[in-house]
Every structure is written in C-alpha cells, then in structure tokens.
Amino acid sequence: MYRTLTVAFPHVYCELDFTTPLELSVATILSAQCTDVRVNQVTPALFARYRTARDYAEADRTELEEYIRSTGFYRNKTNSIIGLGQALLERFDGEVPGDLKNLVTLPGFGRKTANVVLGNAFGVPGITVDTHFGRLVRRWGWTQEEDPVKVEHAVGELIPRKEWTDLSHRVIFHGRRVCHAKKPACGVCLLAKDCPSYGIGPTDPVAAAALVKGPETEHLLELAGR
C-alpha cells in the first residue's frame with residue numbers, strides 16, 4: 001500500500017509555508033484545529049513582524065492575538081507562541097532544538113508538532129500522527145490503536161525509518177484528497193484492491209471521481225483510468 005502511495009504522490013512536501021525551524025514551529029502550533037491554507041494566509045505578515053524567539057517572547061499579547069485571530073483558539077495559541085519564545089531564549093539560546101527529547105518540552109509542542117518540525121526543518125525522520133493519519137491507518141487495518149503515540153510506534157514498525165517523514169505526508173495527502181472521513185472516493189482509489197474498508201464510499205468511478213480534491217486530481221484520476 002505504501003509503494004502504491006509513492007506512485008499516487010511521488011512529490012510530497014509540508015503544506016505549511018516556512019523558511020526556518022522557528023517559523024515551522026509557530027505555523028504548526030497555529031495549524032491546530034485550523035487548515036494549512038488558512039495558516040499560510042496568516043503567516044506572511046506574522047513572520048515579517050516577529051523574526052526571532054525574542055520577538056515572540058517579548059510580544060504584546062493583544063497585537064499577536066490580532067495577527068493570528070482567524071486561525072481559531074487564538075488566545076491559547078498566543079500563550080503557546082509567547083511561551084515558546086521565552087523557553088527558547090531561556091534554555092536554547094533562542095534556537096529551536098533539533099531533537100525529540102527537547103522539542104516535546106516546549107510550550108505548544110507534543111510529539112505530533114515535534115515530528116513535523118524534525119522531519120521538515122531538520123531532516124530527521126518522524127511520523128506525524130494527525131487526524132487524517134490516525135483515521136487512515138485504522139481504516140486500512142495497519143493498526144487498531146487509538147492513542148497517537150501507540151499509532152506512531154505501531155506504524156513505525158511497518159515502514160523503514162528513512163521513509164517516515166514522506167510516509168506521513170503521503171498518508172495525509174491521501175486523506176485530504178481521496179480518502180475523506182465521511183465519503184471516501186473508493187471508486188477511483190489506487191489502494192482499493194488492498195483496502196479492507198473498500199466500499200464505505202461510492203465505488204462508482206464517476207461518482208467517486210467527483211470527490212477527489214487537490215492539485216494532484218488530474219494525475220490521480222489518470223492513474224485510476226479516468
């Protein structure tokens with residue numbers, strides 16, 4: 001199934017826009033309960049205004065809240081971002097650490113955020129268990145675990161470590177574009193022959209094709225023979 005995903009999505013990437021580990025850290029905190037598209041609309045002005053850990057640590061709370069208000073839960077996110085800036089200044093000379101042990105101690109960070117930053121800013125393989133990832137690997141029967149940490153470890157045993165970051169992207173891409181939560185596009189899904197959940201969405205190719213989203217739509221439908 002993973003080999004098939006590499007054919008479906010040969011070129012994968014982090015869908016959050018960033019240029020530094022700090023920018024990715026902040027963008028990932030903002031992405032909680034929010035779309036990457038929305039975060040990417042907010043971050044250009046935010047990153048122009050706040051460039052360093054010190055900028056965030058010393059930020060005026062009301063001003064920062066206004067920058068990120070449209071991402072939702074903006075008060076909690078402001079707490080996390082200011083706390084992140086302060087922790088980086090106090091413990092890491094203002095730089096984002098490049099290891100899981102230290103990353104998970106930072107405000108706003110859990111294993112999911114840490115693995116996003118490790119995999120995409122530092123090139124350290126990590127499995128990102130977001131809502132899409134957990135939903136799909138259970139739907140596919142890769143694991144029945146519900147706890148994200150247990151899911152991460154279970155799937156990590158199935159796939160070579162060097163593939164973990166790209167695996168995360170490919171599963172998440174597939175969840176966003178084809179294997180939707182309520183109505184997956186089963187009839188044009190390249191994983192159909194191996195998927196134990198085939199048929200929970202429309203199997204008619206025409207009906208299924210209408211459900212596929214994203215920039216790879218033409219490529220995916222061509223592979224499916226549409």
# chains A, B, ... in the order shown; residues from 1 in each chain; ligands from 1
call {"tool": "residues_around", "arguments": {"residues": "Thr35 of chain A", "least_positions_apart": "4", "cutoff": "10 Å", "atoms": "only C-alpha atoms", "output": "PyMOL selection string"}}
result
chain A and resi 15-16+30-31+39-40+71
call {"tool": "write_last_selection", "arguments": {"atoms": "C-alpha atoms", "output": "mmCIF file, in the first residue's frame"}}
result
data_model
loop_
_atom_site.group_PDB
_atom_site.id
_atom_site.type_symbol
_atom_site.label_atom_id
_atom_site.label_comp_id
_atom_site.auth_asym_id
_atom_site.auth_seq_id
_atom_site.Cartn_x
_atom_site.Cartn_y
_atom_site.Cartn_z
ATOM 1 C CA GLU A 15 1.879 22.103 3.220
ATOM 2 C CA LEU A 16 2.753 24.779 5.787
ATOM 3 C CA LEU A 30 -1.294 27.641 14.532
ATOM 4 C CA SER A 31 -2.435 24.632 12.466
ATOM 5 C CA VAL A 39 -2.366 29.313 8.387
ATOM 6 C CA ASN A 40 -0.474 30.150 5.190
ATOM 7 C CA THR A 71 -6.802 30.588 12.959
#
call {"tool": "residues_around", "arguments": {"residues": "Glu163 of chain A", "least_positions_apart": "3", "cutoff": "10 Å", "atoms": "only C-alpha atoms", "output": "VMD selection string"}}
result
chain A and resid 2 125 to 127 156 159 to 160 166 to 168
call {"tool": "residues_around", "arguments": {"residues": "Leu118 of chain A", "least_positions_apart": "5", "cutoff": "12 Å", "atoms": "only C-alpha atoms", "output": "MDAnalysis selection string"}}
result
chainID A and resid 14 20:22 24:25 28 96:104 109 111:113 123:128 164:165
call {"tool": "residues_around", "arguments": {"residues": "segment 198-213 of chain A", "least_positions_apart": "6", "cutoff": "10 Å", "atoms": "only C-alpha atoms", "output": "ChimeraX atom specification"}}
result
/A:139-140,173-174,176-189,191-192,220-221,224-226
call {"tool": "closest_residue", "arguments": {"among": "A:Thr105, A:Arg69, A:Leu64, A:Ala57", "to": "Gln86 of chain A", "atoms": "only C-alpha atoms"}}
result
A:Ala57
call {"tool": "closest_residue", "arguments": {"among": "A:Phe9, A:Leu136, A:Met1, A:Ser70", "to": "Arg170 of chain A", "atoms": "only C-alpha atoms"}}
result
A:Phe9
